[in-house]
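All remarks here apply to the structure that follows.
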Amino acid sequence: MSEPKVIRWGILATGGIAQTFSKDLLVDPKTRGVTSIKHTIVAAASSSGLARATQFLKDVGAPSDAKAYGSYEEFVKDPNIDVVYVSTPHSHHYQNTMLVLEAGKNVIVEKAFTVNAAQARKLTEKAKEKVSLVPCANTISLNFMYPLVTQNVFLMEATWTRFFPVSYYVRDIITSGKIGTVQLVTADNGLCLDPEKTMPDGKHRMVNPDLAGGALLDSGIYALTWLFQTVYTTLPRAERKAPTVTSALKIYEPTGAADELASILLVFPRAGNKDVHAIATTSLRYSSDPLGDMSAGPACRVHGDQGEIQVFPPLYRPTRTRLILRDGTVEDKEWPQPGPGKGSGWFNGFLDGIQPEGEGQGMFWEADEAAYALIEGRKESPLLSWEETVLIMDVMDEVRKHGGLRYPEKIETTDFPVAL
């Protein structure tokens with residue numbers, strides 16, 4: 001049996017989501033049945049300085065020889081990095097990712113990919129333009145002297161939900177024809193925050209215009225993800241067409257330039273009068289699951305003419321589905337996240353949402369997808385192509401246009417570099 005290929009990660013930014021990703025990244029892939037790849041962290045950078053990056057590496061359990069940087073500019077020059085994970089607020093994604101791409105590095109970028117579609121297009125153009133030196137498929141390892149091949153760099157939006165086994169299952173149900181022809185999809189991702197109380201100064205990333213705050217880009221992306229991956233991604237590329245967009249936004253009054261509620265109706269055109277309607281909703285204030293026990297019902301429903309598939313909340317990390325067919329079939333499935341297991345003393349989660357002992361958050365699945373892409377020489381993921389990422393940004397642009405929401409020019413611009 002051959003040794004697993006080791007992918008060497010660099011972590012750009014050291015906030016809460018970076019810590020969650022990094023801890024998941026370092027879990028032994030065998031705990032999820034993956035034996036051909038393995039991940040390690042070789043570098044991390046913090047805009048707060050070298051001390052913060054050093055502490056971050058200790059906190060996540062990175063190898064002792066991992067390099068800390070107090071500057072993103074120095075970090076991207078590190079020759080030992082195979083792929084970078086960008087985890088800054090989405091207001092900064094364009095500038096940070098362009099810096100990484102200019103350095104010829106492969107990169108995955110936290111959702112939302114950018115602030116607008118123009119920025120997303122610029123990044124994909126840069127990824128096509130840049131040539132990266134990457135290891136040959138059979139020679140990735142920690143200790144390497146190997147021939148190099150050139151290719152355009154890999155770039156992917158890190159919408160982690162796309163790569164869960166539950167997402168594969170739902171897409172397979174649809175493409176198998178079990179629920180017939182899809183007619184309607186609804187998806188809701190409400191966060192149940194109390195922003196005036198918990199974010200009173202308006203500086204938090206969820207409501208701060210300078211950080212592209214609001215429900216749409218932060219949580220609405222998950223509702224849109226379920227619409228797209230069930231209606232759009234499940235079609236052959238030649239049959240995919242952009243939807244029409246109707247929407248409404250409610251602006252968060254205390255800051256005046258962030259949204260707190262978004263309702264979106266998409267109509268995906270299909271040949272033969274088989275258009276699919278899809279509705280996405282998101283809010284800062286209400287919850288898709290008020291009691292936290294799924295008693296409110298499914299957060300996503302994919303209705304076909306022969307049945308439906310239901311996905312229970314939270315939509316960003318679902319662990320339960322129900323298939324209901326007109327022939328009387330009802331199939332409930334549980335989708336717990338793997339990890340080191342009970343008795344391991346290992347915990348992960350995001351902020352206060354800590355998972356049960358030994359259970360991963362689920363961010364390792366997107367890391368696995370990036371690893372396979374590097375090994376196979378792919379520039380993008382078929383589960384979330386550049387074209388689809390840009391199209392989703394187009395939709396969010398249209399929603400913001402309908403609602404009159406525009407962020408400060410310094411974070412909407414496609415100029416590079418711009419100091420933020």
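In the structure tokens, the first chain shown is A, the next is B, and so on; residue numbers restart at 1 for each chain, and ligands run from 1 in the order shown.
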Query - Those of segment 34-95 of chain A in DSSP strand (DSSP E), formatted as a ChimeraX atom specification - result: /A:37-45,67-69,83-86
Please tabulate, as a tab-separated table, the residues of segment 392-419 of chain A that come within 8 Å of segment 192-216 of chain A, each with its closest pair of atoms and the distance in Å to one decimal, counting only C-alpha atoms and ordering rows by chain, then residue number upward.
```
residue	atom	partner	partner_atom	distance
A:Met396	CA	A:Leu216	CA	7.5
A:Tyr407	CA	A:Pro209	CA	5.9
A:Pro408	CA	A:Asp210	CA	6.4
A:Ile411	CA	A:Asp210	CA	7.3
```
Report task. Identify, on the basis of only C-alpha atoms, every residue whose closest approach to Glu110 of chain A does not exceed 8 Å; exclude the query and any residue fewer than 4 positions from it along the same chain; express the result as a list in words. Result ->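 What passes the distance filter is Tyr85, Val86, Ser87, Thr88, His90, His93, Glu157, Ala158 and Thr159 of chain A.
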Requested in this report: Go through A:Val76, A:Ile375, A:Met363, A:Ala299 one by one, measure the shortest atom-to-atom distance of each to Arg32 of chain A using only C-alpha atoms, and give the residue with the smallest value.
Outcome: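 The answer is A:Met363, which sits nearest to Arg32 of chain A.
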Requested in this report: Quick one: pull the distance between atom CA of Pro336 of chain A and atom CA of Phe350 of chain A, Å, one decimal.
Outcome: 16.2 Å
If you run DSSP over the backbone, which residues in segment 212-375 of chain A end up helix (DSSP H, G or I)? Put them as a CSV table (one decimal) with N, CA, C and O atoms, in the first residue's frame.
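Contents of selection_3.csv, as written:
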```csv
chain,number,residue,atom,x,y,z
A,215,ALA,N,-26.6,39.8,6.4
A,215,ALA,CA,-27.0,38.4,6.4
A,215,ALA,C,-26.7,37.8,5.0
A,215,ALA,O,-26.4,36.6,4.9
A,216,LEU,N,-26.9,38.6,3.9
A,216,LEU,CA,-26.8,38.0,2.6
A,216,LEU,C,-25.5,37.3,2.3
A,216,LEU,O,-25.4,36.1,2.0
A,217,LEU,N,-24.3,38.0,2.4
A,217,LEU,CA,-23.1,37.4,2.1
A,217,LEU,C,-22.6,36.4,3.1
A,217,LEU,O,-21.9,35.5,2.7
A,218,ASP,N,-23.0,36.6,4.4
A,218,ASP,CA,-22.5,35.7,5.4
A,218,ASP,C,-23.3,34.4,5.5
A,218,ASP,O,-22.8,33.3,5.6
A,219,SER,N,-24.6,34.5,5.6
A,219,SER,CA,-25.5,33.4,5.8
A,219,SER,C,-26.4,33.1,4.6
A,219,SER,O,-26.7,31.9,4.4
A,220,GLY,N,-26.7,34.1,3.9
A,220,GLY,CA,-27.5,33.8,2.7
A,220,GLY,C,-26.8,32.9,1.6
A,220,GLY,O,-27.5,32.2,0.9
A,221,ILE,N,-25.5,33.0,1.7
A,221,ILE,CA,-24.7,32.1,0.7
A,221,ILE,C,-25.0,30.7,1.0
A,221,ILE,O,-25.0,29.9,0.0
A,222,TYR,N,-25.4,30.2,2.2
A,222,TYR,CA,-25.7,28.8,2.4
A,222,TYR,C,-27.1,28.5,1.8
A,222,TYR,O,-27.2,27.4,1.2
A,223,ALA,N,-28.0,29.4,2.0
A,223,ALA,CA,-29.3,29.1,1.4
A,223,ALA,C,-29.2,29.0,-0.2
A,223,ALA,O,-29.7,28.1,-0.8
A,224,LEU,N,-28.4,30.0,-0.7
A,224,LEU,CA,-28.2,29.9,-2.2
A,224,LEU,C,-27.4,28.7,-2.6
A,224,LEU,O,-27.6,28.2,-3.7
A,225,THR,N,-26.5,28.3,-1.8
A,225,THR,CA,-25.7,27.1,-2.1
A,225,THR,C,-26.6,25.9,-2.3
A,225,THR,O,-26.5,25.1,-3.2
A,226,TRP,N,-27.7,25.7,-1.4
A,226,TRP,CA,-28.6,24.6,-1.6
A,226,TRP,C,-29.4,24.7,-2.8
A,226,TRP,O,-29.8,23.7,-3.5
A,227,LEU,N,-29.8,26.0,-3.2
A,227,LEU,CA,-30.6,26.1,-4.4
A,227,LEU,C,-29.7,25.7,-5.6
A,227,LEU,O,-30.1,25.0,-6.5
A,228,PHE,N,-28.5,26.2,-5.6
A,228,PHE,CA,-27.6,26.0,-6.8
A,228,PHE,C,-27.2,24.5,-6.9
A,228,PHE,O,-27.2,23.9,-7.9
A,229,GLN,N,-26.8,23.9,-5.7
A,229,GLN,CA,-26.3,22.6,-5.9
A,229,GLN,C,-27.4,21.5,-6.1
A,229,GLN,O,-27.1,20.4,-6.6
A,230,THR,N,-28.6,21.9,-5.9
A,230,THR,CA,-29.7,21.0,-6.2
A,230,THR,C,-30.3,21.2,-7.6
A,230,THR,O,-30.8,20.3,-8.2
A,231,VAL,N,-30.3,22.4,-8.0
A,231,VAL,CA,-31.0,22.8,-9.3
A,231,VAL,C,-29.9,22.9,-10.4
A,231,VAL,O,-30.2,22.5,-11.6
A,237,ARG,N,-23.1,20.5,-17.7
A,237,ARG,CA,-22.7,22.0,-17.9
A,237,ARG,C,-23.4,22.6,-19.1
A,237,ARG,O,-23.7,23.8,-19.0
A,238,ALA,N,-23.5,21.8,-20.1
A,238,ALA,CA,-24.1,22.4,-21.3
A,238,ALA,C,-25.6,22.8,-21.1
A,238,ALA,O,-26.1,23.6,-21.9
A,239,GLU,N,-26.2,22.3,-20.1
A,239,GLU,CA,-27.6,22.6,-19.9
A,239,GLU,C,-27.9,23.6,-18.8
A,239,GLU,O,-29.0,24.0,-18.5
A,364,PHE,N,-12.8,19.4,7.0
A,364,PHE,CA,-11.8,18.6,6.3
A,364,PHE,C,-12.2,18.1,4.9
A,364,PHE,O,-11.4,17.8,4.1
A,365,TRP,N,-13.6,18.0,4.7
A,365,TRP,CA,-14.0,17.6,3.4
A,365,TRP,C,-13.6,18.5,2.2
A,365,TRP,O,-13.2,18.1,1.2
A,366,GLU,N,-13.7,19.8,2.5
A,366,GLU,CA,-13.2,20.8,1.4
A,366,GLU,C,-11.7,20.7,1.3
A,366,GLU,O,-11.2,20.9,0.1
A,367,ALA,N,-11.0,20.5,2.4
A,367,ALA,CA,-9.5,20.3,2.3
A,367,ALA,C,-9.2,19.1,1.4
A,367,ALA,O,-8.2,19.1,0.6
A,368,ASP,N,-9.9,18.0,1.6
A,368,ASP,CA,-9.7,16.8,0.8
A,368,ASP,C,-9.9,17.1,-0.7
A,368,ASP,O,-9.1,16.6,-1.5
A,369,GLU,N,-11.0,17.8,-1.0
A,369,GLU,CA,-11.2,18.1,-2.4
A,369,GLU,C,-10.1,18.9,-3.0
A,369,GLU,O,-9.7,18.7,-4.1
A,370,ALA,N,-9.6,19.9,-2.2
A,370,ALA,CA,-8.4,20.7,-2.7
A,370,ALA,C,-7.2,19.8,-2.9
A,370,ALA,O,-6.5,19.9,-3.9
A,371,ALA,N,-7.0,18.9,-2.0
A,371,ALA,CA,-5.8,18.0,-2.1
A,371,ALA,C,-5.9,17.1,-3.3
A,371,ALA,O,-4.9,16.9,-4.1
A,372,TYR,N,-7.1,16.5,-3.6
A,372,TYR,CA,-7.3,15.7,-4.8
A,372,TYR,C,-7.0,16.5,-6.0
A,372,TYR,O,-6.5,16.0,-7.0
A,373,ALA,N,-7.5,17.8,-6.0
A,373,ALA,CA,-7.3,18.6,-7.2
A,373,ALA,C,-5.8,18.8,-7.5
A,373,ALA,O,-5.4,18.8,-8.6
A,374,LEU,N,-5.0,19.1,-6.4
A,374,LEU,CA,-3.6,19.3,-6.6
A,374,LEU,C,-2.9,18.0,-7.2
A,374,LEU,O,-2.1,18.1,-8.1
A,375,ILE,N,-3.3,16.9,-6.6
A,375,ILE,CA,-2.7,15.6,-7.1
A,375,ILE,C,-3.1,15.3,-8.5
A,375,ILE,O,-2.3,14.8,-9.3
```
Requested in this report: Determine, counting only C-alpha atoms, which protein, DNA and RNA residues have an atom within 12 Å of an atom of Ser263 of chain A; residues of the same chain fewer than 4 positions away are not included. Present the result as an MDAnalysis selection string.
Outcome: chainID A and resid 186:190 215:216 220 223:224 245:250 259 278:283 396 399:400 402:403
Query - Interatomic distance, atom CA of Trp9 of chain A to atom CA of Asn152 of chain A (Å, one decimal) - result: 18.1 Å
Query raised in the report: If you count only C-alpha atoms, which residues fall within 9 Å of Val302 of chain A, apart from same-chain ones fewer than 2 positions away, as a list in words?
Result: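 Everything that qualifies: Ile174, Ile179, Val182, Gln183, Leu184, Val185, Thr186, Ala187, Leu227, Thr230, Val231, Cys300, Gly304, Gly307, Glu308, Ile309, Gln310 and Val311 of chain A.
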Query raised in the report: Which residue out of A:Met393, A:Arg270, A:Pro165, A:Gly358 has the minimum interatomic distance to Phe113 of chain A when only C-alpha atoms are used?
Result: A:Met393
**Report entry** Counting only C-alpha atoms, the option among A:Asn106, A:Thr35, A:Thr181, A:Asn116 closest to Glu409 of chain A
**Finding:**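 Answer, going by the shortest atom-to-atom distance: A:Asn116.
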Query raised in the report: Closest to Thr31 of chain A among A:Glu359, A:Glu3, A:Glu125, A:Asp289, using only C-alpha atoms?
Result: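 Looking only at the distances to Thr31 of chain A, the closest residue turns out to be A:Glu359.
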Query raised in the report: Any idea what the distance is between atom CA of Gly360 of chain A and atom CA of Gly297 of chain A?
Result: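 Those two atoms sit 24.2 Å apart.
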Which residues are close to Val60 of chain A, i.e. within 12 Å by only C-alpha atoms, leaving aside same-chain residues fewer than 4 positions away? Reply as a short mmCIF file (atom, residue, chain, number, x, y, z; two decimals) with C-alpha atoms, in the first residue's frame.
```cif
data_model
loop_
_atom_site.label_atom_id
_atom_site.label_comp_id
_atom_site.auth_asym_id
_atom_site.auth_seq_id
_atom_site.Cartn_x
_atom_site.Cartn_y
_atom_site.Cartn_z
CA ILE A 11 -3.16 29.52 6.80
CA THR A 14 -5.79 33.42 12.47
CA GLY A 15 -9.38 34.09 13.53
CA GLY A 16 -12.00 31.66 14.79
CA ILE A 17 -12.82 30.05 11.44
CA ALA A 18 -9.11 29.55 10.70
CA GLN A 19 -8.69 27.74 14.01
CA THR A 20 -11.69 25.49 13.28
CA PHE A 21 -10.41 24.69 9.79
CA SER A 22 -6.89 24.00 11.00
CA LYS A 23 -7.94 21.65 13.79
CA ASP A 24 -10.12 19.69 11.34
CA LEU A 25 -7.29 19.72 8.82
CA LEU A 26 -4.91 17.97 11.20
CA VAL A 27 -7.32 15.13 12.06
CA THR A 40 -0.18 19.27 7.41
CA ILE A 41 0.29 22.94 8.26
CA ALA A 43 2.92 28.15 7.87
CA ALA A 44 0.46 30.67 9.26
CA ALA A 53 0.68 33.68 14.35
CA THR A 54 3.03 31.80 16.67
CA GLN A 55 0.33 31.32 19.29
CA PHE A 56 -2.17 30.21 16.63
CA SER A 64 6.66 22.36 15.77
CA ALA A 66 5.61 25.26 11.12
CA TRP A 346 -10.35 16.20 21.21
CA PHE A 347 -12.93 18.92 20.57
CA ASN A 348 -13.65 21.24 17.69
#
```
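If you count only C-alpha atoms and ignore residues fewer than 2 places along the chain from segment 385-389 of chain A, what sits within 9 Å of it is Phe113, Ala117, Ala120, Arg121, Thr124, Leu155, Met156, Glu157, Phe228, Tyr232, Thr233, Glu380, Ser381, Pro382, Leu383, Leu391, Ile392, Met393 and Asp394 of chain A.
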Keeping only N, CA, C and O atoms, take the residues you just selected and write them out as a tab-separated table (two decimals), in the first residue's frame.
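The resulting file, part_5.tsv, is reproduced below:
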```tsv
chain	number	residue	atom	x	y	z
A	113	PHE	N	-17.04	34.26	-1.60
A	113	PHE	CA	-15.79	34.30	-2.34
A	113	PHE	C	-15.20	35.70	-2.40
A	113	PHE	O	-14.00	35.90	-2.14
A	117	ALA	N	-19.27	40.26	-8.02
A	117	ALA	CA	-18.92	39.38	-9.13
A	117	ALA	C	-17.73	39.89	-9.93
A	117	ALA	O	-16.96	39.10	-10.47
A	120	ALA	N	-14.77	38.56	-8.32
A	120	ALA	CA	-14.67	37.12	-8.54
A	120	ALA	C	-14.11	36.83	-9.93
A	120	ALA	O	-13.27	35.93	-10.10
A	121	ARG	N	-14.57	37.56	-10.93
A	121	ARG	CA	-14.07	37.36	-12.29
A	121	ARG	C	-12.58	37.67	-12.39
A	121	ARG	O	-11.82	36.96	-13.05
A	124	THR	N	-10.57	34.73	-10.98
A	124	THR	CA	-10.50	33.57	-11.87
A	124	THR	C	-9.62	33.85	-13.07
A	124	THR	O	-8.90	32.97	-13.55
A	155	LEU	N	-7.87	27.24	-7.69
A	155	LEU	CA	-8.62	28.26	-6.97
A	155	LEU	C	-10.01	27.72	-6.70
A	155	LEU	O	-10.67	27.18	-7.60
A	156	MET	N	-10.48	27.85	-5.45
A	156	MET	CA	-11.81	27.33	-5.10
A	156	MET	C	-12.40	28.13	-3.95
A	156	MET	O	-11.70	28.49	-3.00
A	157	GLU	N	-13.69	28.40	-4.03
A	157	GLU	CA	-14.40	28.97	-2.90
A	157	GLU	C	-14.61	27.88	-1.86
A	157	GLU	O	-15.06	26.78	-2.19
A	228	PHE	N	-28.48	26.23	-5.62
A	228	PHE	CA	-27.63	25.98	-6.77
A	228	PHE	C	-27.18	24.53	-6.87
A	228	PHE	O	-27.19	23.94	-7.94
A	232	TYR	N	-28.82	23.54	-10.15
A	232	TYR	CA	-27.85	23.95	-11.18
A	232	TYR	C	-26.72	22.94	-11.32
A	232	TYR	O	-26.45	22.43	-12.41
A	233	THR	N	-26.06	22.60	-10.22
A	233	THR	CA	-24.90	21.71	-10.27
A	233	THR	C	-25.28	20.31	-10.74
A	233	THR	O	-24.44	19.59	-11.30
A	380	GLU	N	-9.84	23.63	-10.81
A	380	GLU	CA	-11.07	23.97	-10.12
A	380	GLU	C	-11.81	22.69	-9.75
A	380	GLU	O	-11.45	21.60	-10.20
A	381	SER	N	-12.84	22.84	-8.93
A	381	SER	CA	-13.62	21.68	-8.50
A	381	SER	C	-14.87	21.55	-9.34
A	381	SER	O	-15.59	22.54	-9.55
A	382	PRO	N	-15.22	20.36	-9.79
A	382	PRO	CA	-16.47	20.18	-10.52
A	382	PRO	C	-17.69	20.39	-9.64
A	382	PRO	O	-18.79	20.63	-10.15
A	383	LEU	N	-17.50	20.32	-8.32
A	383	LEU	CA	-18.62	20.53	-7.40
A	383	LEU	C	-18.89	22.00	-7.13
A	383	LEU	O	-19.94	22.36	-6.60
A	391	LEU	N	-21.31	33.12	-10.90
A	391	LEU	CA	-22.75	33.28	-11.11
A	391	LEU	C	-23.47	33.54	-9.79
A	391	LEU	O	-24.38	34.38	-9.72
A	392	ILE	N	-23.08	32.84	-8.73
A	392	ILE	CA	-23.70	33.09	-7.43
A	392	ILE	C	-23.40	34.50	-6.95
A	392	ILE	O	-24.26	35.19	-6.38
A	393	MET	N	-22.18	34.98	-7.21
A	393	MET	CA	-21.86	36.37	-6.89
A	393	MET	C	-22.71	37.33	-7.73
A	393	MET	O	-23.15	38.38	-7.24
A	394	ASP	N	-22.96	36.98	-8.99
A	394	ASP	CA	-23.85	37.78	-9.84
A	394	ASP	C	-25.23	37.90	-9.22
A	394	ASP	O	-25.84	38.98	-9.21
```
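You can rank A:Pro4, A:Gly362, A:Gly328, A:Pro417 by their closest distance to Gln306 of chain A using only C-alpha atoms, and at the top of that list sits A:Gly328.
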Report summary line: Using only C-alpha atoms, the best pick from A:Gly341, A:Gly272, A:Gly292, A:Gly104 as closest to Asp78 of chain A would be A:Gly104
